[in-house]
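Asks: File name model33.tsv; file contents TSV, C-alpha atoms and all ligand atoms; full text below.
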```tsv
chain	number	residue	atom	x	y	z
P	1	MET	CA	107.85	81.33	123.42
P	2	GLU	CA	105.65	78.98	121.50
P	3	ARG	CA	104.67	79.26	117.89
P	4	SER	CA	101.06	78.46	117.23
P	5	LEU	CA	100.53	77.32	113.71
P	6	LYS	CA	96.92	76.34	113.52
P	7	LYS	CA	93.80	76.49	115.59
P	8	LYS	CA	91.65	73.41	115.59
P	9	ARG	CA	88.97	71.75	117.64
P	10	ILE	CA	89.31	71.78	121.41
P	11	ASP	CA	87.21	69.26	123.26
P	12	SER	CA	86.57	70.71	126.68
P	13	SER	CA	84.07	68.05	127.63
P	14	GLU	CA	86.68	65.79	129.17
P	15	PRO	CA	86.13	65.22	132.88
P	16	ASP	CA	88.62	66.07	135.60
P	17	LEU	CA	90.60	63.34	137.23
P	18	PRO	CA	89.75	63.52	140.90
P	19	GLN	CA	90.18	59.77	141.03
P	20	LEU	CA	93.88	60.20	140.46
P	21	PHE	CA	94.18	61.29	144.03
P	22	ASN	CA	91.99	58.60	145.52
P	23	LEU	CA	94.70	56.04	145.31
P	24	SER	CA	96.22	54.61	148.40
P	25	GLU	CA	99.61	56.11	149.14
P	26	ASN	CA	102.53	54.01	148.05
P	27	ASP	CA	105.84	55.73	147.83
P	28	ASP	CA	107.85	52.77	146.69
P	29	VAL	CA	110.73	53.28	144.32
P	30	ASP	CA	109.83	53.34	140.63
P	31	THR	CA	111.24	50.73	138.35
P	32	GLU	CA	111.22	51.67	134.71
P	33	ASP	CA	112.60	48.53	133.13
P	34	ASN	CA	110.41	49.04	130.12
P	35	PRO	CA	109.30	52.62	129.76
P	36	GLY	CA	106.67	51.60	127.24
P	37	LEU	CA	104.78	49.93	130.04
P	38	SER	CA	103.55	51.21	133.35
P	39	ASN	CA	104.47	48.62	135.86
P	40	SER	CA	102.40	49.08	138.95
P	41	GLY	CA	102.07	45.33	139.00
P	42	SER	CA	98.54	45.46	140.34
P	43	ARG	CA	95.27	46.97	139.41
P	44	ASN	CA	94.15	50.15	141.04
P	45	PRO	CA	91.96	48.98	143.88
P	46	VAL	CA	89.77	52.06	144.07
P	47	LEU	CA	88.13	52.53	140.72
P	48	PRO	CA	85.89	50.27	138.72
P	49	ASP	CA	86.43	50.25	134.97
P	50	SER	CA	83.37	52.38	134.39
P	51	GLU	CA	85.02	55.28	136.16
P	52	LEU	CA	88.27	55.07	134.34
P	53	ILE	CA	89.31	57.85	132.13
P	54	ASN	CA	87.19	58.50	129.08
P	55	PRO	CA	88.37	56.22	126.35
P	56	VAL	CA	89.85	57.43	123.12
P	57	LEU	CA	88.00	54.73	121.26
P	58	SER	CA	84.49	53.83	122.28
P	59	ASP	CA	83.36	50.25	122.77
P	60	SER	CA	81.15	50.54	119.73
P	61	GLU	CA	84.17	51.35	117.63
P	62	PHE	CA	85.90	48.26	118.91
P	63	SER	CA	82.98	46.07	118.03
P	64	ASP	CA	82.55	47.32	114.49
P	65	PRO	CA	83.74	44.33	112.50
P	66	GLY	CA	83.10	45.97	109.14
P	67	ALA	CA	85.25	49.00	109.65
P	68	SER	CA	88.62	49.03	108.00
P	69	ALA	CA	89.93	51.88	110.05
P	70	GLY	CA	93.50	50.85	109.51
P	71	ASP	CA	93.23	51.59	105.83
P	72	SER	CA	91.56	54.90	106.31
P	73	LEU	CA	94.12	55.99	108.88
P	74	LEU	CA	97.01	54.98	106.77
P	75	THR	CA	95.66	56.94	103.87
P	76	THR	CA	94.70	60.05	105.83
P	77	SER	CA	95.23	63.19	103.86
P	78	THR	CA	98.25	65.28	104.70
P	79	SER	CA	96.44	68.42	103.66
P	80	THR	CA	96.17	69.36	107.33
P	81	LYS	CA	99.75	70.52	107.51
P	82	ALA	CA	100.56	73.24	109.99
P	83	SER	CA	99.39	76.60	108.81
P	84	THR	CA	101.21	79.83	109.43
P	85	SER	CA	98.34	81.22	111.46
P	86	SER	CA	99.46	82.79	114.71
P	87	LEU	CA	96.28	81.71	116.46
P	88	ARG	CA	96.89	80.04	119.77
P	89	HIS	CA	94.97	77.24	121.34
P	90	THR	CA	92.63	78.77	123.83
P	91	GLY	CA	90.95	75.74	125.40
P	92	THR	CA	91.68	74.36	128.82
P	93	ALA	CA	95.16	72.93	128.85
P	94	MET	CA	95.34	69.19	129.22
P	95	ILE	CA	98.96	69.55	130.24
P	96	ALA	CA	100.34	72.77	131.69
P	97	VAL	CA	104.07	73.06	132.28
P	98	ALA	CA	105.38	76.00	134.31
P	99	ASN	CA	108.94	77.10	134.99
P	100	LEU	CA	110.25	73.58	134.60
P	101	HIS	CA	113.89	72.97	135.49
P	102	LYS	CA	115.79	69.73	135.32
P	103	GLY	CA	119.46	68.96	135.52
P	104	TYR	CA	121.68	65.95	135.96
P	105	VAL	CA	124.67	65.61	138.23
P	106	LYS	CA	127.81	64.55	136.41
P	107	ALA	CA	131.16	64.30	138.19
P	108	LYS	CA	129.65	66.15	141.15
P	109	LYS	CA	128.61	69.00	138.89
P	110	MET	CA	125.03	69.88	138.10
P	111	ILE	CA	124.43	70.06	134.35
P	112	PRO	CA	121.27	72.03	133.61
P	113	VAL	CA	119.15	70.43	130.88
P	114	LEU	CA	115.78	72.19	131.09
P	115	ARG	CA	116.00	75.83	132.10
P	116	GLY	CA	112.57	77.25	132.78
P	117	ILE	CA	110.08	75.67	130.37
P	118	ASP	CA	106.59	77.16	130.15
P	119	MET	CA	104.17	75.50	127.76
P	120	ASP	CA	100.80	73.88	127.57
P	121	VAL	CA	99.10	71.23	125.50
P	122	ALA	CA	95.44	71.64	124.64
P	123	GLN	CA	92.99	68.78	124.38
P	124	GLY	CA	92.86	67.45	120.86
P	125	GLU	CA	96.07	69.20	119.90
P	126	TYR	CA	98.91	67.67	117.91
P	127	LEU	CA	102.07	69.37	119.08
P	128	SER	CA	105.64	68.84	117.94
P	129	ILE	CA	108.71	69.58	120.00
P	130	VAL	CA	111.81	70.09	117.87
P	131	GLY	CA	115.41	70.79	118.76
P	132	GLN	CA	118.90	69.52	118.20
P	133	SER	CA	120.19	66.43	119.89
P	134	GLY	CA	120.88	67.19	123.55
P	135	SER	CA	118.52	70.15	123.71
P	136	GLY	CA	116.36	68.44	126.34
P	137	LYS	CA	113.41	67.14	124.26
P	138	SER	CA	113.34	63.65	125.74
P	139	THR	CA	113.87	65.00	129.22
P	140	LEU	CA	110.85	67.25	128.82
P	141	LEU	CA	108.69	64.46	127.39
P	142	HIS	CA	109.70	62.06	130.14
P	143	LEU	CA	108.78	64.63	132.77
P	144	MET	CA	105.38	65.09	131.12
P	145	GLY	CA	104.98	61.33	131.16
P	146	THR	CA	105.93	61.18	134.86
P	147	LEU	CA	108.86	58.92	134.10
P	148	ASP	CA	111.03	61.39	135.98
P	149	VAL	CA	110.56	64.33	138.34
P	150	PRO	CA	111.68	67.94	137.80
P	151	ASP	CA	114.05	69.83	140.07
P	152	GLN	CA	111.82	72.88	140.00
P	153	GLY	CA	108.53	73.97	138.44
P	154	THR	CA	105.19	72.25	138.01
P	155	ILE	CA	103.28	70.04	135.59
P	156	HIS	CA	99.50	69.88	135.74
P	157	PHE	CA	97.32	67.32	133.98
P	158	ASP	CA	93.71	68.44	133.65
P	159	GLY	CA	94.38	70.98	136.36
P	160	GLN	CA	95.89	68.51	138.79
P	161	ARG	CA	99.50	68.58	139.73
P	162	ILE	CA	101.38	65.47	138.61
P	163	ASP	CA	105.08	66.35	138.80
P	164	HIS	CA	105.78	64.90	142.22
P	165	LEU	CA	103.20	62.16	142.52
P	166	PRO	CA	104.10	59.09	144.51
P	167	SER	CA	105.04	56.08	142.46
P	168	ALA	CA	101.66	54.31	142.63
P	169	LYS	CA	99.82	57.38	141.43
P	170	ARG	CA	102.26	57.89	138.60
P	171	ASP	CA	101.74	54.28	137.57
P	172	TYR	CA	98.01	54.83	137.69
P	173	LEU	CA	98.26	57.96	135.57
P	174	ARG	CA	100.41	56.23	132.97
P	175	ASN	CA	98.20	53.15	132.95
P	176	HIS	CA	95.03	55.10	132.37
P	177	CYS	CA	95.82	58.48	130.85
P	178	ILE	CA	99.16	58.46	129.05
P	179	GLY	CA	100.39	56.39	126.14
P	180	MET	CA	104.06	56.54	125.23
P	181	ILE	CA	106.04	55.48	122.20
P	182	PHE	CA	109.78	55.53	121.73
P	183	GLN	CA	112.38	55.49	119.01
P	184	PHE	CA	113.42	51.92	119.82
P	185	TYR	CA	109.88	50.59	120.38
P	186	HIS	CA	110.65	48.73	123.63
P	187	LEU	CA	108.67	45.67	122.61
P	188	ILE	CA	109.05	42.44	124.56
P	189	PRO	CA	110.96	40.08	122.23
P	190	GLU	CA	109.42	36.85	123.55
P	191	MET	CA	105.87	38.07	122.99
P	192	THR	CA	103.82	38.09	119.81
P	193	THR	CA	102.40	41.27	118.33
P	194	LEU	CA	99.05	40.63	119.99
P	195	GLU	CA	100.62	39.83	123.35
P	196	ASN	CA	102.78	42.94	123.23
P	197	VAL	CA	99.68	45.08	122.69
P	198	LEU	CA	97.91	43.32	125.56
P	199	ALA	CA	100.89	43.58	127.90
P	200	PRO	CA	99.91	46.91	129.54
P	201	ILE	CA	96.47	45.51	130.34
P	202	MET	CA	97.97	42.34	131.77
P	203	ILE	CA	100.20	44.47	133.96
P	204	ARG	CA	97.45	46.87	134.94
P	205	ASP	CA	94.80	44.29	135.83
P	206	SER	CA	94.85	41.57	138.39
P	207	ILE	CA	95.08	38.08	136.86
P	208	PHE	CA	91.45	37.50	137.81
P	209	ASP	CA	90.26	40.70	136.12
P	210	TYR	CA	92.36	40.07	133.07
P	211	PHE	CA	90.97	36.57	132.54
P	212	ALA	CA	87.44	37.73	133.25
P	213	HIS	CA	87.66	40.26	130.41
P	214	ARG	CA	90.21	38.64	128.17
P	215	ARG	CA	87.90	38.26	125.16
P	216	THR	CA	87.01	41.94	125.22
P	217	TYR	CA	90.64	42.91	125.61
P	218	ARG	CA	91.67	40.66	122.77
P	219	GLN	CA	89.02	42.20	120.52
P	220	LYS	CA	90.24	45.63	121.51
P	221	ALA	CA	93.87	44.74	120.79
P	222	GLU	CA	92.90	43.24	117.44
P	223	HIS	CA	90.92	46.34	116.58
P	224	LEU	CA	93.90	48.55	117.40
P	225	LEU	CA	96.17	46.37	115.32
P	226	GLU	CA	93.71	46.71	112.47
P	227	LEU	CA	93.79	50.46	113.03
P	228	VAL	CA	97.55	50.48	112.55
P	229	GLY	CA	97.40	48.07	109.62
P	230	LEU	CA	98.83	44.96	111.28
P	231	THR	CA	95.99	42.45	111.21
P	232	HIS	CA	98.20	40.10	109.23
P	233	ARG	CA	100.98	40.11	111.85
P	234	LEU	CA	99.19	39.14	115.07
P	235	LYS	CA	101.36	36.12	115.80
P	236	HIS	CA	104.70	37.50	114.70
P	237	ARG	CA	107.37	38.27	117.26
P	238	PRO	CA	109.28	41.56	117.11
P	239	SER	CA	112.31	39.91	115.46
P	240	GLU	CA	110.01	38.92	112.58
P	241	LEU	CA	108.74	42.46	112.02
P	242	SER	CA	110.15	45.46	110.17
P	243	GLY	CA	110.99	48.66	112.05
P	244	GLY	CA	107.82	50.34	110.84
P	245	GLU	CA	105.75	47.35	111.90
P	246	MET	CA	107.36	47.32	115.33
P	247	GLN	CA	106.57	50.99	115.75
P	248	ARG	CA	102.97	50.30	114.78
P	249	VAL	CA	102.79	47.58	117.42
P	250	SER	CA	104.11	50.04	119.96
P	251	ILE	CA	101.49	52.61	118.89
P	252	ALA	CA	98.73	50.01	119.31
P	253	ARG	CA	100.20	49.09	122.69
P	254	ALA	CA	100.24	52.74	123.72
P	255	LEU	CA	96.55	53.02	122.84
P	256	VAL	CA	95.28	49.87	124.50
P	257	GLY	CA	94.84	51.58	127.86
P	258	ASP	CA	92.63	54.28	126.27
P	259	PRO	CA	95.06	57.12	126.97
P	260	ARG	CA	94.06	60.76	126.96
P	261	ILE	CA	97.38	61.74	125.44
P	262	LEU	CA	100.07	60.09	123.35
P	263	LEU	CA	103.67	61.11	124.01
P	264	ALA	CA	105.97	60.10	121.19
P	265	ASP	CA	109.75	60.40	121.49
P	266	GLU	CA	111.38	60.38	118.04
P	267	PRO	CA	108.92	57.73	116.84
P	268	THR	CA	110.49	57.66	113.38
P	269	GLY	CA	114.09	58.16	114.47
P	270	ASN	CA	114.98	54.61	113.50
P	271	LEU	CA	112.95	54.33	110.32
P	272	ASP	CA	113.56	55.03	106.64
P	273	SER	CA	111.88	58.07	105.14
P	274	LYS	CA	108.98	56.25	103.47
P	275	THR	CA	108.12	54.30	106.63
P	276	SER	CA	108.53	57.50	108.65
P	277	ARG	CA	105.96	59.22	106.50
P	278	GLU	CA	103.54	56.35	107.07
P	279	ILE	CA	103.98	56.54	110.84
P	280	ILE	CA	103.51	60.31	110.81
P	281	LYS	CA	100.38	59.85	108.70
P	282	LEU	CA	99.14	57.31	111.19
P	283	LEU	CA	99.67	59.69	114.10
P	284	ARG	CA	97.90	62.48	112.23
P	285	GLY	CA	95.04	60.07	111.50
P	286	LEU	CA	94.74	59.15	115.18
P	287	ASN	CA	94.67	62.82	116.07
P	288	GLU	CA	91.98	63.60	113.53
P	289	THR	CA	89.73	60.58	113.71
P	290	GLN	CA	90.14	59.56	117.35
P	291	LYS	CA	90.67	63.11	118.67
P	292	LEU	CA	93.82	61.86	120.33
P	293	THR	CA	96.04	64.54	121.85
P	294	ILE	CA	99.62	64.01	120.71
P	295	VAL	CA	102.97	65.46	121.69
P	296	MET	CA	105.71	64.31	119.35
P	297	VAL	CA	109.40	64.96	119.84
P	298	THR	CA	111.44	65.00	116.67
P	299	HIS	CA	114.54	66.59	115.21
P	300	ASP	CA	113.00	66.37	111.73
P	301	LEU	CA	111.47	69.76	110.89
P	302	PRO	CA	109.36	68.62	107.91
P	303	GLN	CA	107.78	65.98	110.13
P	304	ALA	CA	107.20	68.50	112.87
P	305	GLN	CA	105.42	70.72	110.40
P	306	ASP	CA	102.70	68.13	110.02
P	307	ALA	CA	101.59	69.01	113.56
P	308	ASP	CA	99.28	71.85	114.56
P	309	ARG	CA	101.97	73.67	116.46
P	310	ILE	CA	105.71	73.51	116.92
P	311	ILE	CA	107.77	74.26	120.00
P	312	ARG	CA	111.50	74.65	119.49
P	313	LEU	CA	113.95	73.83	122.25
P	314	VAL	CA	117.47	75.22	122.31
P	315	ASP	CA	119.69	74.37	125.26
P	316	GLY	CA	116.75	73.57	127.48
P	317	GLN	CA	114.75	76.68	126.70
P	318	ILE	CA	111.86	77.37	124.35
P	319	VAL	CA	112.78	79.82	121.62
P	320	PRO	CA	110.67	81.50	118.97
P	321	GLU	CA	110.60	79.85	115.56
P	401	LIG	P1	117.38	65.29	123.39
P	401	LIG	O1	116.25	64.35	123.57
P	401	LIG	O2	116.95	66.66	122.97
P	401	LIG	O3	118.44	64.75	122.49
P	401	LIG	P2	117.89	64.72	126.16
P	401	LIG	O4	116.73	65.27	126.89
P	401	LIG	O5	117.92	63.25	125.96
P	401	LIG	O6	118.07	65.50	124.80
P	401	LIG	O7	119.22	65.10	126.93
P	401	LIG	C1	119.59	66.44	127.19
P	401	LIG	C2	120.92	66.43	127.88
P	401	LIG	O8	120.78	65.79	129.14
P	401	LIG	C3	121.99	65.69	127.13
P	401	LIG	O9	123.18	66.42	127.22
P	401	LIG	C4	122.12	64.39	127.88
P	401	LIG	O10	123.41	63.87	127.83
P	401	LIG	C5	121.75	64.77	129.29
P	401	LIG	N1	121.11	63.68	130.01
P	401	LIG	C6	119.93	63.11	129.69
P	401	LIG	N2	119.62	62.13	130.57
P	401	LIG	C7	120.66	62.08	131.44
P	401	LIG	C8	120.95	61.28	132.59
P	401	LIG	N3	120.11	60.34	133.01
P	401	LIG	N4	122.08	61.54	133.26
P	401	LIG	C9	122.94	62.52	132.86
P	401	LIG	N5	122.74	63.31	131.79
P	401	LIG	C10	121.61	63.09	131.09
P	402	MG	MG	115.93	62.46	122.78
```
With the file now loaded, output its structure as structure tokens.
Replies:
Amino acid sequence: MERSLKKKRIDSSEPDLPQLFNLSENDDVDTEDNPGLSNSGSRNPVLPDSELINPVLSDSEFSDPGASAGDSLLTTSTSTKASTSSLRHTGTAMIAVANLHKGYVKAKKMIPVLRGIDMDVAQGEYLSIVGQSGSGKSTLLHLMGTLDVPDQGTIHFDGQRIDHLPSAKRDYLRNHCIGMIFQFYHLIPEMTTLENVLAPIMIRDSIFDYFAHRRTYRQKAEHLLELVGLTHRLKHRPSELSGGEMQRVSIARALVGDPRILLADEPTGNLDSKTSREIIKLLRGLNETQKLTIVMVTHDLPQAQDADRIIRLVDGQIVPE
């Protein structure tokens, strides 16, 4: 059972994703060398940019040189903390998870990890998933992000089933609809901050497309880095950044593909408490000002309480708070 803590805006104007299923079939084996990036290796041949999923940030926002959005996000009020209201989100679910089961085989024995998860995520919602280490939080998030497939049950994204998509379609979905951030950032050490943020676009586009639009992409990446307060670190490499700065780079990178949803797996798990609060504030700011839907996994209850709603996992099942 889920605990709903606060009802807030639901944007039901988002279009469906019929284009997800227009891709050519390609059932090749997934490689997930860097889970922060979707590595289809080539641009989707079917859709022009104009048909890609509605962006989180509009072009006009990217071209507003006067805005200091980074500052405003970093100083977003925390007065929006989860209320104790029992109201549930009633809008169309962006993600709907039903009877999800997942286990891993160890020494020829199946170890159940997720044991019948039912939950949904509404558009515009900021949802936390809490639970002790080993309770299945990451497994659930990875399934939602199509990094893995369930043994049983279904996951729908905007009403379309995504749990057993072929590899190319999963890549497409992650490239265009899902942003992910992780506890250990998964930045590419040889690349600068700016290059790391641009990496998903480089991977998504063909070389020709990338070079044709590189100025726009660069502006977009710089805008996102301003949004996360890193304008002064564009040329630094990850080894020259603090943990909080690296996580901010990874947030900007997750946003560069204009995702519909941000999935965050213990995004502050490796950070001190002050930096953690800043990152949580940043996520809340993105949710409020950019209407970004967020699912954040954490084992830190106070952090989770900053979200609209909390789901608690115990031994692979959702339990009441
Ligand atoms: P959490 O994120 O809540 O700490 P996880 O979802 O990472 O938990 O893991 C849940 C359980 O599944 C743990 O006992 C873990 O050891 C096991 N597990 C996770 N991934 C694998 C894997 N690839 N192979 C075998 N066991 C795994
Ligand atoms: Mg985990």
Asks: Which of these residues is nearest to ligand MG 402 (chain P), using all atoms listed in the file: P:Val197, P:Val297, P:Val249, P:Ile117?
Replies: P:Val297
Asks: Could you check how far atom CA of Leu234 of chain P sits from atom CA of Met191 of chain P, in Å to one decimal?
Replies: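 Computing the Euclidean distance for atom CA of Leu234 of chain P and atom CA of Met191 of chain P yields 10.4 Å.
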Asks: Residues contacting ligand MG 402 (chain P) - anything with an atom at most 10 Å away, using only C-alpha atoms and all ligand atoms - can you give me those as a list in words?
Replies: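 What falls inside 10 Å of ligand MG 402 (chain P) is Val130, Gly131, Gln132, Ser133, Gly134, Ser135, Gly136, Lys137, Ser138, Thr139, Leu140, Leu141, His142, Phe182, Gln183, Asp265, Glu266, Gly269, Val297, Thr298 and His299 of chain P.
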Asks: Include C-alpha atoms and write out the residues we just selected as a JSON list (two decimals), in the coordinates of the input.
Replies:
```
[["chain", "number", "residue", "atom", "x", "y", "z"],
["P", 130, "VAL", "CA", 111.81, 70.09, 117.87],
["P", 131, "GLY", "CA", 115.41, 70.79, 118.76],
["P", 132, "GLN", "CA", 118.90, 69.52, 118.20],
["P", 133, "SER", "CA", 120.19, 66.43, 119.89],
["P", 134, "GLY", "CA", 120.88, 67.19, 123.55],
["P", 135, "SER", "CA", 118.52, 70.15, 123.71],
["P", 136, "GLY", "CA", 116.36, 68.44, 126.34],
["P", 137, "LYS", "CA", 113.41, 67.14, 124.26],
["P", 138, "SER", "CA", 113.34, 63.65, 125.74],
["P", 139, "THR", "CA", 113.87, 65.00, 129.22],
["P", 140, "LEU", "CA", 110.85, 67.25, 128.82],
["P", 141, "LEU", "CA", 108.69, 64.46, 127.39],
["P", 142, "HIS", "CA", 109.70, 62.06, 130.14],
["P", 182, "PHE", "CA", 109.78, 55.53, 121.73],
["P", 183, "GLN", "CA", 112.38, 55.49, 119.01],
["P", 265, "ASP", "CA", 109.75, 60.40, 121.49],
["P", 266, "GLU", "CA", 111.38, 60.38, 118.04],
["P", 269, "GLY", "CA", 114.09, 58.16, 114.47],
["P", 297, "VAL", "CA", 109.40, 64.96, 119.84],
["P", 298, "THR", "CA", 111.44, 65.00, 116.67],
["P", 299, "HIS", "CA", 114.54, 66.59, 115.21]]
```
Asks: Between P:Pro112, P:Pro302, P:Gly103, P:Gly257, which one has atoms that come closest to Ala199 of chain P, using only C-alpha atoms?
Replies: P:Gly257
Asks: Name all residues at most 10 Å from Ile318 of chain P (count only C-alpha atoms; drop same-chain ones fewer than 5 positions away) and give them as a list in words.
Replies: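 Answer for this query is Met1, Glu2, Arg3, Leu114, Arg115, Gly116, Ile117, Asp118, Met119, Ile129, Val130, Gly131, Ser135, Ile311, Arg312 and Leu313 of chain P.
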Asks: Just give me the gap between atom CA of Ser242 of chain P and atom CA of Glu278 of chain P in Å, one decimal is fine.
Replies: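 Here the two named atoms are 13.1 Å from each other.
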Asks: Taking all atoms of ligand LIG 401 (chain P) that the file lists and extending 8 Å past them on each side, where is the centre of the axis-aligned box and how long are its edges? Answer in Å to one decimal, as lines of an AutoDock Vina configuration file.
Replies:
```
center_x = 119.8
center_y = 63.5
center_z = 127.9
size_x = 23.2
size_y = 22.3
size_z = 26.8
```
Asks: Which value, in Å to one decimal, gives the distance between atom CA of Val113 of chain P and atom CA of Ile279 of chain P?
Replies: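 Pair atom CA of Val113 of chain P / atom CA of Ile279 of chain P returns 28.7 Å.
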Asks: Give me the residues near Tyr210 of chain P as a list in words, where near means some atom within 10 Å (using all atoms listed in the file) and where sequence neighbours in that chain fewer than 6 positions away do not count.
Replies: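 Listing them by chain and then by number gives Arg43, Leu198, Ile201, Met202, Ile203, Arg204, Thr216 and Tyr217 of chain P.
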Asks: Using C-alpha atoms, can you export the residues from the last selection as a tab-separated table (two decimals), in the coordinates of the input?
Replies:
```tsv
chain	number	residue	atom	x	y	z
P	43	ARG	CA	95.27	46.97	139.41
P	198	LEU	CA	97.91	43.32	125.56
P	201	ILE	CA	96.47	45.51	130.34
P	202	MET	CA	97.97	42.34	131.77
P	203	ILE	CA	100.20	44.47	133.96
P	204	ARG	CA	97.45	46.87	134.94
P	216	THR	CA	87.01	41.94	125.22
P	217	TYR	CA	90.64	42.91	125.61
```
Asks: Using all atoms listed in the file, can you tell me which of P:Val314, P:Ile95, P:Ile207, P:Leu263 comes closest to Ile155 of chain P?
Replies: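 Ranked by minimum distance to Ile155 of chain P, first place goes to P:Ile95.
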Asks: Given the choices P:Ala93, P:Leu100, P:Leu224, P:Val105, which gets closest to Gln160 of chain P if the distance is worked out from only C-alpha atoms?
Replies: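 Among the listed residues, the smallest separation from Gln160 of chain P belongs to P:Ala93.
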Asks: I'd like to know which of P:Ser276, P:Ala264, P:Glu222, P:Arg248 is closest to ligand LIG 401 (chain P), using all atoms listed in the file.
Replies: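 Under the stated criterion, the closest residue is P:Ala264.
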